[in-house]
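Next comes query16.cif, a file with mmCIF, C-alpha atoms.
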data_query
loop_
_atom_site.label_atom_id
_atom_site.label_comp_id
_atom_site.auth_asym_id
_atom_site.auth_seq_id
_atom_site.Cartn_x
_atom_site.Cartn_y
_atom_site.Cartn_z
CA MET A 1 34.50 8.77 -11.84
CA ARG A 2 31.67 8.17 -14.29
CA ILE A 3 28.31 7.72 -12.56
CA ALA A 4 25.19 6.67 -14.47
CA LEU A 5 21.85 7.55 -12.91
CA LEU A 6 19.34 5.24 -14.57
CA GLY A 7 15.90 6.75 -14.19
CA GLY A 8 17.85 9.91 -13.45
CA THR A 9 14.84 12.07 -14.24
CA GLY A 10 13.01 10.91 -11.07
CA ASP A 11 13.30 12.62 -7.71
CA ILE A 12 16.14 10.71 -6.06
CA GLY A 13 18.04 10.70 -9.38
CA GLU A 14 17.56 14.42 -9.69
CA GLY A 15 18.84 15.09 -6.18
CA LEU A 16 21.93 12.91 -6.57
CA ALA A 17 22.70 14.40 -10.02
CA LEU A 18 22.45 17.98 -8.72
CA ARG A 19 24.47 17.35 -5.57
CA TRP A 20 27.23 15.36 -7.29
CA ALA A 21 27.35 17.96 -10.09
CA ARG A 22 27.74 20.79 -7.60
CA ASP A 23 30.05 19.13 -5.08
CA THR A 24 32.36 16.92 -7.23
CA ASP A 25 34.11 16.53 -10.57
CA HIS A 26 32.43 13.22 -11.34
CA GLU A 27 31.00 12.80 -14.81
CA LEU A 28 27.25 12.29 -14.51
CA LEU A 29 25.36 10.29 -17.10
CA VAL A 30 21.65 10.90 -16.64
CA GLY A 31 19.75 7.95 -18.08
CA SER A 32 16.15 7.44 -19.09
CA ARG A 33 14.34 4.89 -21.22
CA ASP A 34 13.78 7.84 -23.57
CA PRO A 35 17.11 9.61 -24.31
CA GLU A 36 15.28 12.80 -25.30
CA LYS A 37 13.76 12.93 -21.80
CA ALA A 38 17.24 12.44 -20.30
CA ARG A 39 18.63 15.33 -22.34
CA ASP A 40 15.73 17.57 -21.30
CA ALA A 41 16.37 16.69 -17.66
CA VAL A 42 20.05 17.58 -18.03
CA GLU A 43 19.07 20.96 -19.44
CA THR A 44 16.78 21.58 -16.47
CA TYR A 45 19.47 20.44 -13.99
CA GLU A 46 22.04 22.73 -15.63
CA GLY A 47 19.62 25.64 -15.21
CA ARG A 48 19.11 24.81 -11.53
CA LEU A 49 22.86 24.51 -10.99
CA ALA A 50 23.42 27.88 -12.68
CA ASP A 51 20.77 29.41 -10.38
CA ALA A 52 22.81 28.10 -7.46
CA GLY A 53 26.01 29.59 -8.93
CA ALA A 54 27.36 26.13 -9.74
CA ASP A 55 27.92 23.87 -12.70
CA GLY A 56 28.79 20.27 -13.37
CA ASP A 57 29.55 17.62 -15.94
CA LEU A 58 26.13 16.22 -16.96
CA LYS A 59 25.02 14.40 -20.09
CA GLY A 60 21.75 12.70 -21.06
CA PHE A 61 21.56 9.18 -22.56
CA ALA A 62 19.32 6.19 -22.98
CA ASN A 63 19.70 3.95 -19.88
CA GLU A 64 21.72 1.27 -21.74
CA MET A 65 24.17 3.81 -23.14
CA ALA A 66 24.60 5.49 -19.74
CA ALA A 67 25.22 2.14 -18.03
CA ASP A 68 27.68 1.07 -20.71
CA ARG A 69 29.92 4.10 -20.13
CA ALA A 70 29.79 4.19 -16.33
CA ASP A 71 31.99 2.96 -13.47
CA VAL A 72 29.05 3.15 -11.09
CA VAL A 73 25.42 2.60 -12.10
CA VAL A 74 22.70 3.93 -9.77
CA LEU A 75 19.29 2.31 -10.28
CA SER A 76 17.20 5.35 -9.37
CA VAL A 77 14.03 3.78 -10.74
CA PRO A 78 10.79 2.79 -8.96
CA PRO A 79 11.16 -0.57 -7.14
CA TYR A 80 8.88 -2.49 -9.50
CA TYR A 81 11.15 -1.53 -12.44
CA ALA A 82 14.41 -2.32 -10.63
CA GLY A 83 14.69 -5.96 -11.73
CA ASP A 84 13.74 -5.30 -15.35
CA THR A 85 16.07 -2.31 -15.55
CA VAL A 86 18.96 -4.48 -14.36
CA GLU A 87 18.18 -7.05 -17.04
CA ALA A 88 17.88 -4.36 -19.71
CA VAL A 89 21.42 -3.14 -19.00
CA ALA A 90 22.96 -6.48 -17.89
CA ASP A 91 25.12 -6.80 -21.05
CA THR A 92 26.83 -3.50 -20.26
CA LEU A 93 27.81 -4.51 -16.71
CA ASP A 94 30.86 -6.44 -15.52
CA SER A 95 32.94 -6.95 -12.39
CA GLU A 96 34.36 -3.44 -12.84
CA THR A 97 30.92 -1.81 -12.66
CA ILE A 98 29.31 -1.19 -9.29
CA LEU A 99 25.52 -1.42 -9.29
CA VAL A 100 23.87 0.79 -6.65
CA THR A 101 20.23 0.44 -5.62
CA PRO A 102 18.32 3.05 -3.59
CA ALA A 103 14.82 1.68 -4.31
CA VAL A 104 12.39 0.53 -1.59
CA GLY A 105 9.16 -1.47 -1.94
CA MET A 106 6.30 0.17 -0.06
CA LYS A 107 2.55 0.13 0.02
CA GLY A 108 0.35 2.79 1.52
CA ASP A 109 -3.02 2.59 3.25
CA GLU A 110 -5.09 5.01 5.31
CA ASP A 111 -2.75 4.59 8.30
CA GLY A 112 0.51 5.28 6.52
CA MET A 113 3.25 3.72 4.46
CA HIS A 114 4.37 0.15 5.06
CA TYR A 115 7.45 -1.77 4.05
CA ASN A 116 6.54 -4.19 1.29
CA PRO A 117 9.65 -6.06 0.13
CA PRO A 118 9.75 -8.41 -2.83
CA GLY A 119 9.93 -12.18 -2.23
CA THR A 120 13.74 -11.98 -2.12
CA GLY A 121 13.44 -10.13 1.20
CA SER A 122 14.62 -6.72 -0.05
CA VAL A 123 14.96 -4.79 -3.29
CA THR A 124 18.73 -4.92 -2.80
CA ALA A 125 18.60 -8.74 -2.74
CA LEU A 126 16.34 -8.70 -5.82
CA VAL A 127 18.83 -6.54 -7.73
CA ALA A 128 21.69 -8.83 -6.66
CA GLN A 129 19.70 -11.83 -7.88
CA ARG A 130 18.92 -10.30 -11.28
CA ALA A 131 22.41 -8.82 -11.89
CA PRO A 132 25.16 -10.88 -13.56
CA ASP A 133 27.06 -12.83 -10.87
CA ALA A 134 30.33 -10.90 -11.16
CA VAL A 135 28.72 -7.47 -10.71
CA PRO A 136 29.05 -6.07 -7.17
CA VAL A 137 25.73 -4.74 -5.84
CA VAL A 138 25.47 -2.08 -3.14
CA GLY A 139 22.33 -0.67 -1.47
CA ALA A 140 22.54 3.03 -0.57
CA PHE A 141 20.70 6.38 -0.64
CA HIS A 142 17.38 4.81 0.47
CA ASN A 143 16.34 7.16 3.22
CA LEU A 144 17.65 10.53 2.13
CA ALA A 145 14.97 13.16 2.04
CA ALA A 146 14.53 13.39 -1.76
CA GLY A 147 12.97 16.85 -1.77
CA LYS A 148 15.75 18.34 0.34
CA LEU A 149 18.37 16.55 -1.75
CA ALA A 150 17.01 18.13 -4.94
CA ASP A 151 16.80 21.60 -3.39
CA LEU A 152 20.28 23.09 -3.56
CA THR A 153 19.34 25.86 -1.12
CA VAL A 154 18.95 23.26 1.66
CA GLU A 155 22.02 22.44 3.73
CA PHE A 156 22.18 18.80 4.64
CA ASP A 157 23.30 16.88 7.69
CA LEU A 158 22.05 13.37 7.13
CA ASP A 159 23.31 9.81 7.12
CA THR A 160 22.93 7.22 4.42
CA LEU A 161 23.15 3.53 5.29
CA VAL A 162 25.12 1.30 2.94
CA VAL A 163 24.80 -2.47 2.52
CA GLY A 164 26.76 -4.81 0.27
CA ASP A 165 28.68 -8.06 0.14
CA ASP A 166 31.74 -6.66 -1.72
CA ALA A 167 33.88 -4.62 0.67
CA ASP A 168 35.70 -2.66 -2.06
CA ALA A 169 32.48 -1.72 -3.84
CA LYS A 170 30.92 -0.68 -0.56
CA ARG A 171 33.93 1.50 0.26
CA THR A 172 33.69 3.19 -3.16
CA VAL A 173 29.99 3.94 -2.70
CA CYS A 174 30.56 5.25 0.83
CA GLY A 175 33.17 7.59 -0.65
CA LEU A 176 30.78 8.78 -3.37
CA ALA A 177 28.09 9.42 -0.75
CA GLU A 178 30.47 11.43 1.40
CA ASP A 179 31.58 13.44 -1.64
CA ILE A 180 28.20 15.13 -1.22
CA GLU A 181 28.43 17.88 1.36
CA GLY A 182 26.59 17.02 4.57
CA ILE A 183 26.12 13.30 3.94
CA ARG A 184 27.78 10.72 6.17
CA ALA A 185 27.83 7.09 5.02
CA LEU A 186 27.43 4.31 7.59
CA ASP A 187 27.98 0.62 6.98
CA ALA A 188 24.92 -1.51 7.79
CA GLY A 189 26.56 -4.81 6.84
CA PRO A 190 25.95 -7.28 4.02
CA ILE A 191 22.94 -7.45 1.66
CA ALA A 192 21.29 -9.84 4.16
CA ASN A 193 20.76 -6.74 6.35
CA ALA A 194 19.12 -4.64 3.59
CA ALA A 195 15.50 -5.08 4.73
CA GLU A 196 16.14 -3.21 7.99
CA VAL A 197 17.71 -0.36 6.01
CA GLU A 198 15.00 -0.19 3.35
CA SER A 199 12.17 -0.24 5.90
CA VAL A 200 13.30 3.13 7.26
CA THR A 201 11.89 4.78 4.12
CA PRO A 202 8.17 4.19 4.88
CA LEU A 203 8.95 5.18 8.48
CA VAL A 204 10.33 8.61 7.57
CA ILE A 205 7.23 9.19 5.44
CA ASN A 206 5.03 8.32 8.44
CA ILE A 207 7.04 10.62 10.72
CA ALA A 208 6.62 13.47 8.22
CA ARG A 209 2.87 12.84 8.08
CA TYR A 210 2.15 12.63 11.81
CA ASN A 211 4.28 15.49 13.15
CA ASP A 212 3.90 19.22 12.61
CA ASP A 213 6.72 21.01 10.85
CA MET A 214 8.46 17.82 9.74
CA HIS A 215 8.56 17.40 5.99
CA ASP A 216 10.94 15.32 4.04
CA VAL A 217 12.52 13.67 7.06
CA GLY A 218 15.89 11.89 7.17
CA ALA A 219 17.90 10.27 9.95
CA LYS A 220 21.08 10.89 11.85
CA TRP A 221 22.37 7.84 13.74
CA ILE A 222 24.07 8.84 16.98
CA MET B 1 1.95 9.81 37.92
CA ARG B 2 2.44 6.18 38.93
CA ILE B 3 4.46 4.21 36.39
CA ALA B 4 4.93 0.44 36.64
CA LEU B 5 7.94 -1.05 34.88
CA LEU B 6 7.13 -4.75 34.49
CA GLY B 7 10.37 -6.62 33.99
CA GLY B 8 11.91 -3.45 35.39
CA THR B 9 15.10 -5.30 36.29
CA GLY B 10 16.07 -5.66 32.60
CA ASP B 11 18.12 -3.14 30.69
CA ILE B 12 15.45 -0.92 29.15
CA GLY B 13 13.46 -1.03 32.40
CA GLU B 14 16.57 -0.05 34.33
CA GLY B 15 17.29 2.91 32.05
CA LEU B 16 13.74 4.23 32.16
CA ALA B 17 13.54 3.79 35.95
CA LEU B 18 16.80 5.66 36.51
CA ARG B 19 16.00 8.50 34.11
CA TRP B 20 12.43 9.01 35.35
CA ALA B 21 13.65 8.81 38.95
CA ARG B 22 16.30 11.45 38.32
CA ASP B 23 14.33 13.79 36.04
CA THR B 24 10.74 13.65 37.39
CA ASP B 25 8.56 13.27 40.48
CA HIS B 26 6.74 10.23 39.07
CA GLU B 27 6.30 7.29 41.40
CA LEU B 28 8.12 4.31 39.92
CA LEU B 29 6.95 0.78 40.62
CA VAL B 30 9.68 -1.62 39.53
CA GLY B 31 8.09 -4.99 38.84
CA SER B 32 9.46 -8.49 38.49
CA ARG B 33 7.94 -11.96 38.57
CA ASP B 34 9.94 -12.32 41.79
CA PRO B 35 9.24 -9.35 44.14
CA GLU B 36 12.50 -9.98 45.98
CA LYS B 37 14.39 -9.41 42.73
CA ALA B 38 12.42 -6.20 42.16
CA ARG B 39 13.33 -4.91 45.62
CA ASP B 40 17.01 -5.77 45.04
CA ALA B 41 16.93 -3.87 41.76
CA VAL B 42 15.42 -0.83 43.47
CA GLU B 43 18.22 -0.90 46.00
CA THR B 44 20.79 -1.00 43.20
CA TYR B 45 19.04 1.82 41.33
CA GLU B 46 18.92 3.96 44.47
CA GLY B 47 22.67 3.47 44.86
CA ARG B 48 23.29 4.48 41.26
CA LEU B 49 21.07 7.54 41.66
CA ALA B 50 22.92 8.53 44.83
CA ASP B 51 26.23 8.19 42.95
CA ALA B 52 24.82 10.66 40.42
CA GLY B 53 23.77 13.04 43.19
CA ALA B 54 20.10 12.31 42.56
CA ASP B 55 17.24 10.41 44.12
CA GLY B 56 13.74 9.32 43.19
CA ASP B 57 10.59 7.59 44.28
CA LEU B 58 11.17 3.87 43.55
CA LYS B 59 9.56 0.75 44.99
CA GLY B 60 9.85 -2.95 44.12
CA PHE B 61 6.83 -5.22 43.64
CA ALA B 62 5.65 -8.40 41.96
CA ASN B 63 4.52 -7.51 38.42
CA GLU B 64 0.79 -7.94 39.22
CA MET B 65 1.01 -5.66 42.24
CA ALA B 66 2.95 -3.02 40.34
CA ALA B 67 0.46 -3.09 37.44
CA ASP B 68 -2.49 -2.88 39.84
CA ARG B 69 -1.26 0.36 41.39
CA ALA B 70 -0.11 2.12 38.24
CA ASP B 71 -1.57 4.68 35.83
CA VAL B 72 0.90 3.63 33.15
CA VAL B 73 2.27 0.10 32.77
CA VAL B 74 5.46 -0.35 30.75
CA LEU B 75 6.03 -3.91 29.48
CA SER B 76 9.82 -3.86 29.63
CA VAL B 77 10.04 -7.63 29.18
CA PRO B 78 11.59 -9.69 26.37
CA PRO B 79 9.25 -9.89 23.34
CA TYR B 80 8.43 -13.58 23.80
CA TYR B 81 7.09 -12.85 27.30
CA ALA B 82 5.10 -9.75 26.28
CA GLY B 83 1.82 -11.56 25.52
CA ASP B 84 1.92 -13.76 28.62
CA THR B 85 2.87 -10.83 30.84
CA VAL B 86 -0.14 -8.89 29.56
CA GLU B 87 -2.40 -11.82 30.38
CA ALA B 88 -0.84 -12.24 33.82
CA VAL B 89 -1.74 -8.65 34.74
CA ALA B 90 -4.92 -8.29 32.63
CA ASP B 91 -7.24 -8.24 35.66
CA THR B 92 -5.44 -5.20 37.04
CA LEU B 93 -5.84 -3.14 33.84
CA ASP B 94 -8.78 -0.98 32.75
CA SER B 95 -9.53 1.92 30.43
CA GLU B 96 -7.73 4.25 32.86
CA THR B 97 -4.45 2.31 32.59
CA ILE B 98 -2.15 2.92 29.63
CA LEU B 99 -0.18 -0.11 28.54
CA VAL B 100 3.19 0.78 26.93
CA THR B 101 5.25 -1.71 24.94
CA PRO B 102 8.91 -1.14 23.99
CA ALA B 103 9.66 -4.78 23.00
CA VAL B 104 10.87 -5.83 19.54
CA GLY B 105 11.05 -9.32 18.03
CA MET B 106 14.45 -9.96 16.49
CA LYS B 107 16.59 -12.86 15.42
CA GLY B 108 20.31 -12.78 14.84
CA ASP B 109 22.53 -14.65 12.41
CA GLU B 110 26.13 -14.29 11.31
CA ASP B 111 25.28 -11.20 9.23
CA GLY B 112 23.48 -9.24 11.90
CA MET B 113 20.13 -8.73 13.61
CA HIS B 114 16.91 -9.03 11.68
CA TYR B 115 13.39 -7.91 12.42
CA ASN B 116 11.29 -10.91 13.34
CA PRO B 117 7.75 -9.82 14.22
CA PRO B 118 5.09 -12.14 15.60
CA GLY B 119 2.22 -13.23 13.34
CA THR B 120 0.22 -10.14 14.36
CA GLY B 121 2.72 -8.01 12.38
CA SER B 122 4.36 -6.32 15.36
CA VAL B 123 4.82 -6.82 19.11
CA THR B 124 2.69 -3.71 19.62
CA ALA B 125 -0.18 -5.33 17.71
CA LEU B 126 0.31 -8.55 19.71
CA VAL B 127 0.07 -6.65 23.00
CA ALA B 128 -3.06 -4.84 21.77
CA GLN B 129 -4.59 -8.20 20.83
CA ARG B 130 -3.84 -9.81 24.19
CA ALA B 131 -4.83 -6.79 26.33
CA PRO B 132 -8.45 -6.29 27.47
CA ASP B 133 -10.35 -4.31 24.79
CA ALA B 134 -10.79 -1.12 26.81
CA VAL B 135 -7.08 -0.76 27.66
CA PRO B 136 -5.24 1.76 25.46
CA VAL B 137 -1.96 0.36 24.10
CA VAL B 138 0.97 2.54 23.05
CA GLY B 139 4.29 1.46 21.50
CA ALA B 140 7.28 3.58 22.57
CA PHE B 141 10.93 3.47 23.76
CA HIS B 142 11.90 0.78 21.20
CA ASN B 143 15.04 2.25 19.74
CA LEU B 144 16.64 4.11 22.61
CA ALA B 145 20.18 3.05 23.25
CA ALA B 146 19.59 0.99 26.42
CA GLY B 147 23.19 1.18 27.65
CA LYS B 148 23.29 4.96 27.34
CA LEU B 149 19.85 5.26 28.94
CA ALA B 150 21.02 3.32 32.00
CA ASP B 151 24.27 5.30 32.30
CA LEU B 152 23.39 8.54 34.06
CA THR B 153 26.72 10.10 33.11
CA VAL B 154 25.66 10.07 29.43
CA GLU B 155 23.84 13.12 28.13
CA PHE B 156 21.15 12.21 25.67
CA ASP B 157 19.82 13.77 22.49
CA LEU B 158 17.65 11.10 20.95
CA ASP B 159 14.16 10.61 19.58
CA THR B 160 11.66 7.96 20.51
CA LEU B 161 8.89 7.06 18.07
CA VAL B 162 5.41 6.56 19.48
CA VAL B 163 2.53 4.57 17.95
CA GLY B 164 -0.98 4.07 19.23
CA ASP B 165 -4.66 4.17 18.29
CA ASP B 166 -5.79 6.22 21.32
CA ALA B 167 -4.79 9.87 20.87
CA ASP B 168 -5.02 10.77 24.57
CA ALA B 169 -2.94 7.80 25.68
CA LYS B 170 -0.36 8.58 23.01
CA ARG B 171 -0.16 12.20 24.16
CA THR B 172 0.37 11.07 27.77
CA VAL B 173 3.18 8.70 26.76
CA CYS B 174 4.82 11.39 24.59
CA GLY B 175 4.76 13.65 27.64
CA LEU B 176 6.33 10.97 29.85
CA ALA B 177 9.05 10.41 27.25
CA GLU B 178 9.83 14.11 27.05
CA ASP B 179 9.95 14.32 30.85
CA ILE B 180 13.30 12.58 30.41
CA GLU B 181 15.99 15.12 29.63
CA GLY B 182 17.22 14.87 26.04
CA ILE B 183 14.43 12.69 24.66
CA ARG B 184 12.07 14.00 22.00
CA ALA B 185 8.91 12.01 21.24
CA LEU B 186 7.66 11.81 17.66
CA ASP B 187 4.31 10.43 16.53
CA ALA B 188 4.62 7.58 14.04
CA GLY B 189 0.86 7.06 13.69
CA PRO B 190 -1.45 4.22 14.70
CA ILE B 191 -0.49 0.68 15.79
CA ALA B 192 -0.75 -0.37 12.14
CA ASN B 193 2.55 1.52 11.64
CA ALA B 194 4.38 -0.22 14.52
CA ALA B 195 6.41 -2.67 12.41
CA GLU B 196 8.36 0.15 10.73
CA VAL B 197 9.16 1.59 14.17
CA GLU B 198 10.12 -1.72 15.78
CA SER B 199 12.36 -2.71 12.87
CA VAL B 200 14.71 0.17 13.64
CA THR B 201 15.97 -1.75 16.68
CA PRO B 202 17.84 -4.51 14.78
CA LEU B 203 19.10 -1.78 12.45
CA VAL B 204 20.75 0.25 15.21
CA ILE B 205 22.40 -2.94 16.46
CA ASN B 206 23.78 -3.57 12.96
CA ILE B 207 25.02 0.02 12.67
CA ALA B 208 26.83 -0.34 16.01
CA ARG B 209 28.42 -3.58 14.83
CA TYR B 210 29.66 -2.43 11.43
CA ASN B 211 31.03 1.04 12.24
CA ASP B 212 34.01 1.98 14.37
CA ASP B 213 33.32 4.06 17.44
CA MET B 214 29.57 3.59 17.32
CA HIS B 215 28.18 1.70 20.29
CA ASP B 216 24.67 1.76 21.54
CA VAL B 217 23.29 3.77 18.63
CA GLY B 218 20.02 5.73 18.57
CA ALA B 219 18.35 7.96 16.01
CA LYS B 220 17.53 11.60 15.56
CA TRP B 221 14.93 12.27 12.85
CA ILE B 222 15.58 15.54 11.08
#
Rewrite the coordinates I just gave you, this time as structure tokens.
Amino acid sequence: MRIALLGGTGDIGEGLALRWARDTDHELLVGSRDPEKARDAVETYEGRLADAGADGDLKGFANEMAADRADVVVLSVPPYYAGDTVEAVADTLDSETILVTPAVGMKGDEDGMHYNPPGTGSVTALVAQRAPDAVPVVGAFHNLAAGKLADLTVEFDLDTLVVGDDADAKRTVCGLAEDIEGIRALDAGPIANAAEVESVTPLVINIARYNDDMHDVGAKWI
Amino acid sequence: MRIALLGGTGDIGEGLALRWARDTDHELLVGSRDPEKARDAVETYEGRLADAGADGDLKGFANEMAADRADVVVLSVPPYYAGDTVEAVADTLDSETILVTPAVGMKGDEDGMHYNPPGTGSVTALVAQRAPDAVPVVGAFHNLAAGKLADLTVEFDLDTLVVGDDADAKRTVCGLAEDIEGIRALDAGPIANAAEVESVTPLVINIARYNDDMHDVGAKWI
């Protein structure tokens, strides 16, 4: 499968690119607004994969080009760019392209991080609103510990929660998640349930802050 | 220690009463608005403990009486009664009594359960607002799987997240949580961070609904 990681030079994009490159045969299109930056990131990722005795199928592109070629487009951009990024690539998307959003709106204060969704109720709902109607939107990969994900020496045993209104698209994304060693995908229902999933991200940051020896926390639902 | 479980005839109260009775020497004061109902519940709990080859120190009281005698008061009542219950027992509380709130405001629709906090931002903040100023308030036991907690044949390995502004009170409640076999207490920061903790409760209900073979889900933070 061809997977575009828009904003694939950021931390969650990096982790997903490295893990999919190492664990699967999927073709990974690392996107950035600046294609030169995307190509530099790919070079870095290839070096890190080689250090781990692995390789993968990675290429760098401008976001639009990456989205145009992909079966699955992951919006691994900061939440305040999510809507604009969707609109920038909207012409390249159709009912055959699955749009995946891992972004979460948060604001921090002296006490910790707090969930701060857009007016649509969740970033997932915002992306669904801004995407062309026919394009299936799936929320996933919100609460994975990004640092651990990007460190190929760390063995994983974490869950990712998946929301979406299109059952086929959701099944495909669950499969892609579970292609990564040590990730289990759980269904959290339709996009209407996205806020409860997204709000786990500030929580794991707070848990990491307030407990000794817990950095880069994720969840296992049992 | 003397622990009052106000609304201790409900499901989370039942689970905590049974587990503390089995695993500790704490004196458990099961409270209800109707003391007769509290005494009936104690009788039932004693039967269930005997079935599990265990016993404990349990007594039934009216809520006010239970709160008056306790070192720690757990508000195991539905969220919409939490504020009024605090006011009903306010005269019995002082700076030596720790008030613990596990309640979560939720509303359900056809898609699932959704976090629905009161205007104060969280039930924990509401309880802190309605409690006398000197009384330390701690949020805990929100996301434990209530059915598993009340079933003594189930072995546990779950985390509970604890929030509070009084470090000593929080430490005491973490200790009480970890007195129960298989529960680990994690600090999620001050009461300002309670919403992110409480909102995990509708999420675990959604996970149980949308995945096969997952009932009564809890979390392990790793």
When the cut-off is 9 Å and we count only C-alpha atoms, which residues of chain B are near chain A, given as a ChimeraX atom specification? /B:111-115,157-158,161,186-193,195-197,199-204,206-211,214-222
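For the structure shown here, the set of residues caught by the PyMOL selection byres ((chain A and resi 33) around 9) is Leu6, Gly7, Gly31, Ser32, Asp34, Pro35, Glu36, Lys37, Ala38, Phe61, Ala62, Asn63 and Glu64 of chain A.
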Report as JSON the centre and the edge lengths, in Å to one decimal, of the axis-aligned box holding every listed atom of range 212-220 of chain A, padded by 5 Å on each side.
{"center_x": 12.5, "center_y": 15.6, "center_z": 8.3, "size_x": 27.2, "size_y": 20.7, "size_z": 18.6}
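Put simply, the PyMOL selection byres ((chain B and resi 48) around 12) in this file takes in Glu14, Gly15, Ala17, Leu18, Arg19, Ala21, Arg22, Ala41, Val42, Glu43, Thr44, Tyr45, Glu46, Gly47, Leu49, Ala50, Asp51, Ala52, Gly53, Ala54, Asp55, Gly56, Ala150, Asp151, Leu152 and Thr153 of chain B.
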I want to know what sits within 12 Å of Ala125 in chain B, based on all atoms listed in the file, with residues of the same chain fewer than 4 positions away left out; could you give that as a ChimeraX atom specification? /B:79,82-83,100-105,117-121,129-131,136-139,163-165,190-195,198
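Here CA of Leu5 in chain B and CA of Gly182 in chain B stand 20.4 Å from one another.
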May I have the residues within 7 Å of range 95-98 of chain A as a PyMOL selection string, using all atoms listed in the file and disregarding those fewer than 6 positions away in the same chain? chain A and resi 71-73+134-137+169
Dump of C-alpha atoms for the selected residues, as a PDB file, in the coordinates of the input:
ATOM      1  CA  ASP A  71      31.990   2.960 -13.470  1.00  0.00           C
ATOM      2  CA  VAL A  72      29.050   3.150 -11.090  1.00  0.00           C
ATOM      3  CA  VAL A  73      25.420   2.600 -12.100  1.00  0.00           C
ATOM      4  CA  ALA A 134      30.330 -10.900 -11.160  1.00  0.00           C
ATOM      5  CA  VAL A 135      28.720  -7.470 -10.710  1.00  0.00           C
ATOM      6  CA  PRO A 136      29.050  -6.070  -7.170  1.00  0.00           C
ATOM      7  CA  VAL A 137      25.730  -4.740  -5.840  1.00  0.00           C
ATOM      8  CA  ALA A 169      32.480  -1.720  -3.840  1.00  0.00           C
TER       9      ALA A 169
END
List as a short mmCIF file (atom, residue, chain, number, x, y, z; two decimals) with C-alpha atoms, keeping the file's coordinate frame the protein and nucleic acid residues near Leu93 in chain A, meaning an atom at most 8 Å away when only C-alpha atoms are counted, but skip any in the same chain fewer than 6 places from it.
data_model
loop_
_atom_site.label_atom_id
_atom_site.label_comp_id
_atom_site.auth_asym_id
_atom_site.auth_seq_id
_atom_site.Cartn_x
_atom_site.Cartn_y
_atom_site.Cartn_z
CA ALA A 67 25.22 2.14 -18.03
CA ASP A 68 27.68 1.07 -20.71
CA PRO A 132 25.16 -10.88 -13.56
CA VAL A 135 28.72 -7.47 -10.71
#
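As for CA of Ala128 in chain B and CA of Thr92 in chain B, they are spaced 15.5 Å apart.
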Could you list the residues chosen by the PyMOL selection byres ((chain B and resi 59) around 7) in this structure as a list in words?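 That expression, the PyMOL selection byres ((chain B and resi 59) around 7), corresponds here to Leu28, Leu29, Val30, Arg39, Val42, Asp57, Leu58, Gly60 and Phe61 of chain B.
Going from CA of Tyr80 in chain A over to CA of Ala140 in chain A, you cover 17.2 Å.
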Measuring atom to atom with only C-alpha atoms, identify which of B:Arg184, B:Ala66, B:Asp84, B:Ala146 is nearest to Val127 in chain B. B:Asp84
Using the atoms already present, construct N, CA and C atoms for range 131-141 of chain A and hand them back as a short mmCIF file (atom, residue, chain, number, x, y, z; two decimals), in the coordinates of the input.
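Output file part_22.cif follows:
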data_model
loop_
_atom_site.label_atom_id
_atom_site.label_comp_id
_atom_site.auth_asym_id
_atom_site.auth_seq_id
_atom_site.Cartn_x
_atom_site.Cartn_y
_atom_site.Cartn_z
N ALA A 131 21.17 -9.31 -11.26
CA ALA A 131 22.41 -8.82 -11.89
C ALA A 131 23.31 -9.99 -12.25
N PRO A 132 24.16 -9.84 -13.28
CA PRO A 132 25.16 -10.88 -13.56
C PRO A 132 26.00 -11.15 -12.31
N ASP A 133 26.40 -12.42 -12.12
CA ASP A 133 27.06 -12.83 -10.87
C ASP A 133 28.27 -11.98 -10.48
N ALA A 134 29.07 -11.58 -11.47
CA ALA A 134 30.33 -10.90 -11.16
C ALA A 134 30.13 -9.45 -10.72
N VAL A 135 28.95 -8.91 -10.94
CA VAL A 135 28.72 -7.47 -10.71
C VAL A 135 28.45 -7.21 -9.23
N PRO A 136 29.30 -6.39 -8.58
CA PRO A 136 29.05 -6.07 -7.17
C PRO A 136 27.84 -5.15 -7.01
N VAL A 137 26.95 -5.51 -6.08
CA VAL A 137 25.73 -4.74 -5.84
C VAL A 137 25.79 -4.10 -4.45
N VAL A 138 25.44 -2.82 -4.39
CA VAL A 138 25.47 -2.08 -3.14
C VAL A 138 24.13 -1.36 -2.97
N GLY A 139 23.54 -1.45 -1.79
CA GLY A 139 22.33 -0.67 -1.47
C GLY A 139 22.73 0.60 -0.75
N ALA A 140 22.21 1.74 -1.21
CA ALA A 140 22.54 3.03 -0.57
C ALA A 140 21.54 4.09 -0.99
N PHE A 141 21.53 5.21 -0.29
CA PHE A 141 20.70 6.38 -0.64
C PHE A 141 19.20 6.11 -0.51
#
